Structure formats: C-alpha cells, structure tokens
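The block underneath contains the structure these notes are about, expressed in structure tokens.
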Amino acid sequence: MNKIISNFLSIGSGVALTLKLTFGGVFIGLLLGVLLSVLRYSGIGRSVINRIISILRGTPLMLQLTFVYFMAPSIIGFRLSLLSAGILTFGVNSSAYIAEIVRAGIESLPKGQFEAAQALEIPRFYMWKDIILPQVIVNIFPAMINEVIALLKETALIATLGGMDIMRKSQTIAAEQYDYFMPLCIAGIYYYGLVLFIEFIGRKFESCKSYA
Amino acid sequence: MLKIREVCKAFNNINVLKNISFDVEKSDILGCAGPSGCGKSTLLRCIQKLEIIDQGTIESNGRVCFMFQDFQLFPHMTVFQNLTYAPTLKNKNKKEDYQKQAVKILEDLGIESKANIYPGALSGGQKQRVALARSLMTNPDILLCDEPTSGLDVSTTMDVVSLLKSINEQFGVTMVIASHDLDFLTKISDRIILLKNGTITIDINAQEWNDPVNFLKAYY
Ligand SMILES: Nc1ncnc2c1ncn2[C@@H]1O[C@H](COP(=O)(O)OP(=O)(O)OP(=O)(O)O)[C@@H](O)[C@H]1O
Ligand SMILES: [Mg+2]
C-alpha cells in the first residue's frame, strides 16, 4: 500500500512538466496558428505558409523535437533548455493543426460579417481583432479542446530526451523496481485523469458562452 | 451625389444588372422597387463596392453606408456595442457623443430597452431596426438601405419612415432604399425606380402621381 502511494506521489511530480509543455505549447500554437491562418486568408504568403504547415504535419514530431533540441546551439548559437525546446517544438507543431482549425472557423462565418465590417469602415486589423476572431475562437473551442488533449499525450515524447514528465518518472521507477506494471498504470491514470479534467473544463466553458 | 452609368453585373453568366444608369441628387430619397430576385440588393451592393461591377461606372460623393438585408449584426456584441463600436473606433474623443446618439436612435426606433441585449435574443423586426440604427451611427452622406421594413408591422414601419425622413431633413443624407413594399416606398421616396429583368422600367417622381402604388403595381 505504501509503495502504491509513494509511486503515485513520485510519478505525480512529473505532472508539472507535462502541463507546462501542454499549455505552453497550446499558447504558442494558438498565437502562431491564428497568425498563420489570418495571413493566409488575407492572401499574404499563402504558398509559403501552406508549405510550412505541410512540412510540420508531414514529418515526425519526434524528429522535430530532437532537431530543435540538438541543433539549437549551431543554429541560434546557444543551448535551449529541454523545457523551452519542448514548448517551442510542441507549439510550432500544433500551430500547423490549429491553423487548419482556425481556417475552418473563419470560413464558417457568414461572408456578410466581413462585408459589414467593410461597410462600417472598420480597419482590417480591428476587423480581425474585434469582429472576426472573437467569433472564431468561440466556434473553434470544441476543436481546440481536442487539440489540447492530443498535445497533452504527445508531450510524452519529451521523456525520450530525459525530460522528467509523467512518462519519464514512471519509466525511472519501473527501472528501479524491476516492475513495469504498476508505474505504467499510474502514469496512465494521471494522463487519463488530466484528459477528463480538460474535457470537463471544456464543457463548463461551452455551456456558459457569453451570447446566444 | 451618386452617378451611375451603364452598370452591368452578371453572376455565372446570368446578367442581373443590364446597363443601369441613373443619378441621385443630394438629399434625395430614391426608392428602388421590383420583384424578388430582380437585383435590388445587387445594385446596392455594387454601390457600396461589395461587388465588383463588370462594366460601367459608379461615382459617389462622400461616405456611403449600407444596411444589409440580412442585418449582419455582430452576434458577440450587445446592441449598444453594435451601434457604438465603429464610430468610436474612428473618433475616440467623441465616445460620449456617440453613446448619446445611440440612445437617441434606439429611442426613436422604440428599442431602447434592448440596448444591452445580444442580437441573438432579438426578434427579426428588432434586428432590422438595430441594423438600420447601426448604419445611421456612421453619419453617412449616402445611406443605402436594403429592405429596411420587410419584417415590421404597420406602426413600426411608420416609425422607420419618420426616422429616415427626419434624418434626411436634418442632415441632408442622400438615401437609396430598396424594398418591395410599394406603400412604404411611396411614403418615403422623392422618386422611385422600378427594376425588372435587370433594367429600369419606370423612373417617376412620387408626387407626380396621385396614386403611385396602383401605377407601379400595374408594371410589377
Ligand atoms: N453572390 C451571388 N452569386 C450568384 N448569384 C447571385 C449572387 N447574388 C445574387 N445573385 C442572383 O442575382 C439575382 C438578383 O439577386 P438580388 O439579391 O439582387 O435580388 P433582390 O432584388 O434583392 O431580391 P429580394 O427582393 O428577394 O431581396 C438573383 O437571381 C440571385 O440569384
Ligand atoms: Mg434583396
């Protein structure tokens, strides 16, 4: 019994890193994803952006993560901490998926919303900031929750580089105790619990939308 | 004020507007009648430059504002924010003036109690009045109204008539109003054009005829 509790606590100390990677990644992913899709919708750098998105979705995340972590010194001249490299990679990678979600959100709005902004002489920047994107964000909320969940699970890749997240903690304990069963089950419980929690928060927000 | 010359507009090779030409003098109210699908909305959208015309020219002096047939209110803003957002953006110092103006217009249209409600909770006729109010808030020189009364009862329609008339008289706003309500058009317009099969079939001064409604109906 004591062993279960101490394993729970010990693996639980990896939750912080998992959450930092997830939410840091989603934060960057959302900013970048919105930026990419707005630029693309406005016809700025469309083919370049399409290519970037295509590459991000067409190569393994594991490769991208390893690349950023090990190549940073020779590209930007200094080492990135594992956390920064992780947040950066997960963020940039998910921006490709989020850009597609945002595109669908923009296209689902009536064209008249853009026209109304034009007729009222609202400058483009404010049209996006105050008219279009607030509506898009509400519309894409369910899809964004899915993206958060997907990213949460993908952050386990950080374990391969030694990041002490839920996954890596459970592997360490498994190696110490020569027993994979319990630590992996505990890790699974943590991941699944976090996913349920995120879904719960998502439903809460969903049900208190600010307008009909 | 508004000069339209030989304007053509086609959608998928179907000519919706064929060689439309007319002028609107400053402070005139031009009614645009015609059966459903004749191109009234298309004409107004071309004037607002929401559509690219295939041929011809449209010249307008001053700021044009357009009220949409399907309203296009901003659903995430309250009625009041819908009205004040665009003008305040342009001139932050006059925020309070715009707020007063918004209250005034909402009162004139009998919907002041809806100021803090989101458009999703309004009836069709209320949305229509908010849409009209929003376009008036930009203080345009030329106001284009697409079916401003289609969802309104007789007495609210009269409110719209008197509001538009008073704005026209006070500020000399030029107006082009599309509607298939001939009664309403004859009450408000100085002049009426009838659009049919993509051309203007009639162009009359409302006062010239004792009974313009019946006159127009004959050509409908
Ligand atoms: N974006 C578009 N693409 C294709 N066809 C269009 C488009 N907009 C309008 N049309 C066509 O142009 C014609 C005129 O449409 P319009 O909306 O201008 O008519 P209207 O006179 O305003 O009709 P109503 O009184 O019903 O509002 C219609 O046949 C319509 O199908
Ligand atoms: Mg129409």
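Identifiers for the structure tokens are assigned positionally: chains receive A, B, ... in sequence, residues are indexed from 1 per chain, and ligands are indexed from 1 in the order shown.
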
**Request:** Identify, with DSSP run on backbone atoms, the residues in segment 28-214 of chain B assigned to strand (DSSP E), and express the list as a PyMOL selection string.
**Result:** chain B and resi 29-33+55-60+64-67+142-146+174-178+191-196+199-205

**Request:** For chain B, report every residue with an atom at most 10 Å from chain A (counting only C-alpha atoms), formatted as a VMD selection string.
**Result:** chain B and resid 45 48 to 50 63 to 68 70 to 78 85 to 87 89 to 90 117 to 121 134 to 135 137 to 138 140

**Item:** Surrounding residues as a PyMOL selection string, ligand 2, max 9 Å, only C-alpha atoms and all ligand atoms
**Value:** chain B and resi 36-42+44+68-70+146-147+178-179

Print the selection's residues with N, CA and C atoms to a file, as a compact mmCIF listing (two decimals), in the first residue's frame.
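Printed below is selection24.txt as written:
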# COMPACT_ATOMS: atom_id res chain seq x y z
N SER B 36 -38.98 40.13 -56.31
CA SER B 36 -37.89 39.40 -55.68
C SER B 36 -36.95 38.82 -56.74
N GLY B 37 -35.66 39.01 -56.55
CA GLY B 37 -34.69 38.46 -57.48
C GLY B 37 -34.37 39.37 -58.66
N CYS B 38 -34.93 40.59 -58.65
CA CYS B 38 -34.71 41.47 -59.81
C CYS B 38 -33.35 42.17 -59.73
N GLY B 39 -32.69 42.11 -58.59
CA GLY B 39 -31.35 42.70 -58.50
C GLY B 39 -31.25 43.95 -57.64
N LYS B 40 -32.23 44.17 -56.79
CA LYS B 40 -32.18 45.36 -55.92
C LYS B 40 -30.97 45.29 -54.98
N SER B 41 -30.83 44.15 -54.31
CA SER B 41 -29.70 44.01 -53.39
C SER B 41 -28.39 44.12 -54.14
N THR B 42 -28.34 43.48 -55.31
CA THR B 42 -27.11 43.51 -56.11
C THR B 42 -26.74 44.95 -56.47
N LEU B 44 -27.49 47.73 -54.83
CA LEU B 44 -26.97 48.42 -53.65
C LEU B 44 -25.57 47.92 -53.28
N PHE B 68 -27.69 45.93 -44.41
CA PHE B 68 -27.84 44.64 -45.07
C PHE B 68 -29.25 44.10 -44.94
N GLN B 69 -29.68 43.44 -46.01
CA GLN B 69 -30.99 42.79 -45.97
C GLN B 69 -31.04 41.74 -44.86
N ASP B 70 -29.92 41.02 -44.67
CA ASP B 70 -29.91 40.03 -43.59
C ASP B 70 -29.16 40.55 -42.36
N ASP B 146 -31.26 48.19 -47.56
CA ASP B 146 -31.82 47.05 -48.26
C ASP B 146 -32.96 46.47 -47.43
N GLU B 147 -34.17 46.65 -47.92
CA GLU B 147 -35.37 46.14 -47.23
C GLU B 147 -35.40 46.54 -45.76
N ALA B 178 -34.11 50.10 -51.07
CA ALA B 178 -34.68 49.00 -51.85
C ALA B 178 -35.76 48.34 -51.02
N SER B 179 -36.89 48.09 -51.66
CA SER B 179 -37.98 47.45 -50.93
C SER B 179 -39.00 46.94 -51.93

**Request:** DSSP on the backbone, then: every residue of segment 39-189 of chain A marked helix (DSSP H, G or I), written as number ranges by chain.
**Result:** A: 39-41, 46-58, 61-76, 82-107, 111-119, 124-161, 166-177, 181-189

**Prompt:** Which polymer residues have any atom within 10 Å of an atom of Leu157 of chain A, counting only C-alpha atoms, with same-chain residues fewer than 4 positions away left out, as a PyMOL selection string?
**Reply:** chain A and resi 61-62+65-66+86+90+153+161-163+165+167-168

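For the pair atom CA of Asn139 of chain A and atom CA of Phe200 of chain A, the separation is 17.7 Å.
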
**Asked** Which neighbours of Glu147 of chain A fall inside 12 Å, counting only C-alpha atoms, when residues of the same chain fewer than 5 positions from it are skipped, and could you give them as a VMD selection string?
**Response** chain A and resid 22 to 23 25 to 27 29 to 30 33 90 to 91 93 to 102 140 to 142 152 to 154 195 198 to 199 202

**Message:** So that I can check the surroundings of segment 15-27 of chain B, please list as a ChimeraX atom specification every protein, DNA and RNA residue that reaches within 9 Å of it, counting only C-alpha atoms and ignoring chain neighbours fewer than 3 positions away.
**Reply:** /B:1-12,30,37-39,42-43,55-56,141-142,168-169,171-176,197-200

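Residue nearest Ile166 of chain A within the list A:Gly105, A:Gly193, A:Gly12, A:Pro60: A:Gly12 [criterion: smallest interatomic distance, only C-alpha atoms].
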
**Prompt:** Do you know which residues are at most 10 Å from Thr157 of chain B counting only C-alpha atoms, after dropping those on the same chain fewer than 4 positions away, and could you put them as a PyMOL selection string?
**Reply:** chain B and resi 109+125+129+148-153+161-163+184

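Between atom CA of Asp179 of chain A and atom CA of Asn7 of chain A the separation is 11.5 Å.
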
**Ser10 of chain A surroundings by only C-alpha atoms, 12 Å radius, close-in-sequence under 3 positions cut, as a ChimeraX atom specification** = /A:3-7,13-16,164-174,183,186-187,190

Mind writing the picked residues with C-alpha atoms as a compact mmCIF listing (two decimals), in the first residue's frame?
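again17.txt was written with the following content:
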# COMPACT_ATOMS: atom_id res chain seq x y z
CA LYS A 3 4.50 1.54 -2.22
CA ILE A 4 1.46 2.48 -4.27
CA ILE A 5 1.19 5.83 -2.55
CA SER A 6 4.87 6.62 -2.84
CA ASN A 7 4.84 5.64 -6.51
CA SER A 13 5.90 15.12 -9.59
CA GLY A 14 6.08 14.78 -13.38
CA VAL A 15 2.65 16.34 -13.85
CA ALA A 16 4.08 19.85 -13.65
CA MET A 164 11.11 14.39 -16.14
CA ASP A 165 7.44 14.30 -17.10
CA ILE A 166 4.82 11.75 -16.08
CA MET A 167 6.10 9.26 -18.63
CA ARG A 168 9.76 9.51 -17.75
CA LYS A 169 9.07 9.37 -13.99
CA SER A 170 7.15 6.16 -14.41
CA GLN A 171 9.92 4.65 -16.54
CA THR A 172 12.51 5.57 -13.91
CA ILE A 173 10.51 3.95 -11.17
CA ALA A 174 9.88 0.90 -13.31
CA PRO A 183 4.23 2.57 -12.70
CA ILE A 186 -0.22 5.00 -12.57
CA ALA A 187 1.09 7.09 -15.48
CA TYR A 190 -2.54 10.51 -14.49

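Pairwise distance (atom CA of Leu63 of chain A, atom CA of Ser37 of chain A) equals 24.5 Å.
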